[in-house]
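Chemist: If you scroll down you'll find the structure; I have some questions about it.
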Amino acid sequence: MTGSPDGDTSPAGGPAEPHSRERLGGRAAAAIFLGALLVRAIILADLSAHDPWFASPVGDERANVEDARRLLRDGFRIDEPYRAPPLYSHLLSIPLALSPGEPSDPRAMRGLAWAMKGAQALLDAGTALLIAALALRLAGRRAAYWAGAIHAVAFLPVFASAQLLDTTVATFLAVLSLRLALGATEERTAGAWVVAGTAAGLAALSRESLLLSVPVLALAPWTIPGDRGDRLRSAALLIAGAATVILPATFANHRLGGDRVLIATGAGLEFRVGNRPGGGFGADGLTRATEGPARRALQRETAHLERPSERSAHHASIARREIAAHPLRFLGRIATKAHALLHTFDVPDHKDIAEQRERSWPLRLLPGRSGVVIPLALVGIIFSRSLLRRRALLLLFLAAQSAATVAFIVSASARTPLVALAAIPAGAVLAELSAHSTAPRRRTLLGGSALLCALLLAADPHGWRERFRGAASDPVALGAALEGAGEIEGARRWYLRALEIDPGHADALTRLGRLAIAAGEIAEAERLFRAAVAADPAYAPGWDALGITLRIFTERAEEAAECFERAAAADPRSASPRASLGQMHEDAGRLAAARPLYETARRLEPGTPLYGLLEARLLWKLHRPDDARSLLAIVEQNALRELDPQERKLRKEILEDLELWPEGPPAVQAPQDPAAGGN
């Protein structure tokens, strides 16, 4: 192989060693950054218009938003160790704090989604630039252009940047830490090693599996000439930089959360889910346990343990015992997960990727998921000796992250940082194939190898493509967002999908029952509600929905009251069953008994107008019109949303009554219609 005109290869047959300060150039860097940003901006604009989940967080997205809200509410103090690595929730709290309106206001949520996803689009465009800079150092200028372009249009990074997940931040920090570590091997200054370690520590604070990158990057000094003492000092400085940002989280977990946890407590449960026996959704090593009874059953196993670290260790211990008892089965599972990691099909995570693509024409135009990047990257790794220089650190980083991913759960979000870094060897292959100086035989060898890898990795002996059609870790949340957007049949499909995964999913049964109520199928709704509480006797919404059905549609008051009491006992924070019991007392003329129930419901959910309106009506009936008027004003002030038709009707009736009988109802007035103002 001869040297190419642009200096990408050397006469000796390997990649040329450019000057360590070689840069992309302003125009090339701007083209890569702006091109990647434009792709992500188009995707965001399209999803904001057509994606019902754009501003409706589901699964891990919802957990991240709730964590950020909790941080803001509690002044960034924690009362238990971090559930997940804390960096993303802290970053998410910034636009959340700046968002106008209440957190429950859909407009505020849409503003938050745009702010955070827009920032992630900028960050991921920066990742494309970092990847190009890395490829420039490792494979030359032409490879840098190809690598940056690959990341700019690769499906998984683009898709991830449009989610409220830590994926984009973790990917950026992973690539940045590798870039800084390589830079430190050239600068060889104490500051450069500390900065590289700091980036690696921040990566671990965004995704715990990236903690493994710290010892890997600490090997960087051994990839350059130097004596043992200098290498040890450089490695120590890198580790110290990482510790500087990790230890504050550890201190918060210990001092404020009362537990000894390095970063977060979720690893034990994730390790168990990724390695437990079984082959169904959430127990196949490829997908997270679906929200609902199955996951709650795992969590109930450790309910008796006081400390989160003990609960995490319990799950990890069970997984290790199962592995020790069946080592061959474990090795088979590891092989399956390794195949899934390299497979051209992306296993879904919190959303169904296929449905997302169907809803967005720009997503459909992007290269097919990992199918383009992975085979090319694998060929680049196989031929790395002639395609990449100083490849040791990159290959070690890829190997360590691959091992960390396979050890836990292989899913789309877990693969994204690997796909990003895989753009570098993939870009090196494309650079070689596109170079005029490449010998025809070598071009045939590389092209044929890439085609063979693509065919092998596209093979689907496990039937993943069909098995994961319509799969997501929280199908009920996806259905609820569709229901809120008026897509009832789409919502029903996701609720039924939840029941396919877990026939005892009480939430899915209850939501299907509510759809049956809306369709006038009262008997079917009652059957579904009874199935929900039979599947999970502690599921308060199921008891509440059953009680409302019995009270309003079948007029079985005594049985309805028992259901409301079961719901209130199951969830002391639930307002709806208390309000329903209050209505039953009010309908029976027991006004004094209804008052404390309405007060409790309003206190539990001050932003829900219905409970304040019911109490205001009761105050009027108790001949306290001034208190009723004051409460109406409070309801309007505290409401986090517009009144629904039922609430508007109830408010109008109260105002009319106050105007007609300013001092309260006449003594002979009959009770209100039991259905009026009901749930």
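In the structure tokens, each chain is lettered A, B, ... as it comes, each chain's residues begin at 1, and ligands are numbered from 1 in order of appearance.
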Write out as a ChimeraX atom specification the residues lying within 12 Å of Leu614 in chain A, counting only C-alpha atoms and excluding same-chain residues fewer than 2 positions away.
Modeler: /A:576,578-584,586-587,591,594-602,608-612,616-621,628,631-632,635,646-651,653-654,672,676-679
Chemist: Residues within 8 Å of Ile239 in chain A, please, as a PyMOL selection string. Count only C-alpha atoms; anything in the same chain fewer than 6 positions from it doesn't count.
Modeler: chain A and resi 194+197+214-215+218
Chemist: Those selected residues, please, written with all heavy atoms and delivered as a PDB file, in the first residue's frame.
Modeler:
ATOM      1  N   VAL A 194      -5.253  15.387  34.970  1.00  0.00           N
ATOM      2  CA  VAL A 194      -6.346  15.657  35.905  1.00  0.00           C
ATOM      3  C   VAL A 194      -7.632  15.971  35.148  1.00  0.00           C
ATOM      4  O   VAL A 194      -8.718  15.492  35.503  1.00  0.00           O
ATOM      5  CB  VAL A 194      -5.971  16.817  36.852  1.00  0.00           C
ATOM      6  CG1 VAL A 194      -7.188  17.251  37.667  1.00  0.00           C
ATOM      7  CG2 VAL A 194      -4.840  16.401  37.784  1.00  0.00           C
ATOM      8  N   GLY A 197      -9.126  12.833  33.772  1.00  0.00           N
ATOM      9  CA  GLY A 197      -9.784  12.077  34.838  1.00  0.00           C
ATOM     10  C   GLY A 197     -11.093  12.707  35.264  1.00  0.00           C
ATOM     11  O   GLY A 197     -12.078  12.001  35.559  1.00  0.00           O
ATOM     12  N   VAL A 214     -12.535   4.725  34.000  1.00  0.00           N
ATOM     13  CA  VAL A 214     -11.474   5.352  34.793  1.00  0.00           C
ATOM     14  C   VAL A 214     -10.221   4.470  34.832  1.00  0.00           C
ATOM     15  O   VAL A 214      -9.123   4.932  34.470  1.00  0.00           O
ATOM     16  CB  VAL A 214     -11.971   5.708  36.207  1.00  0.00           C
ATOM     17  CG1 VAL A 214     -10.828   6.275  37.052  1.00  0.00           C
ATOM     18  CG2 VAL A 214     -13.124   6.706  36.139  1.00  0.00           C
ATOM     19  N   PRO A 215     -10.306   3.187  35.257  1.00  0.00           N
ATOM     20  CA  PRO A 215      -9.083   2.368  35.221  1.00  0.00           C
ATOM     21  C   PRO A 215      -8.560   2.115  33.814  1.00  0.00           C
ATOM     22  O   PRO A 215      -7.344   1.970  33.616  1.00  0.00           O
ATOM     23  CB  PRO A 215      -9.514   1.058  35.904  1.00  0.00           C
ATOM     24  CG  PRO A 215     -10.999   1.030  35.814  1.00  0.00           C
ATOM     25  CD  PRO A 215     -11.440   2.453  35.867  1.00  0.00           C
ATOM     26  N   ALA A 218      -6.665   5.108  32.870  1.00  0.00           N
ATOM     27  CA  ALA A 218      -5.450   5.172  33.691  1.00  0.00           C
ATOM     28  C   ALA A 218      -4.314   4.361  33.080  1.00  0.00           C
ATOM     29  O   ALA A 218      -3.149   4.510  33.492  1.00  0.00           O
ATOM     30  CB  ALA A 218      -5.750   4.682  35.106  1.00  0.00           C
TER      31      ALA A 218
END
Chemist: Select, from A:Ala335, A:Ala174, A:Ala428, A:Ala477, the residue with the minimum atom-to-atom distance to Arg389 in chain A, counting only C-alpha atoms.
Modeler: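 With only C-alpha atoms as the atom set, the closest residue is A:Ala428.
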Chemist: Between A:Thr265, A:Asn275, A:Thr189, A:Thr287, which residue has the minimum interatomic distance to Arg233 in chain A, considering only C-alpha atoms?
Modeler: A:Thr189
Chemist: By how many Å are CA of Trp543 in chain A and CA of Asp571 in chain A apart?
Modeler: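 According to the coordinates, CA of Trp543 in chain A and CA of Asp571 in chain A are separated by 10.5 Å.
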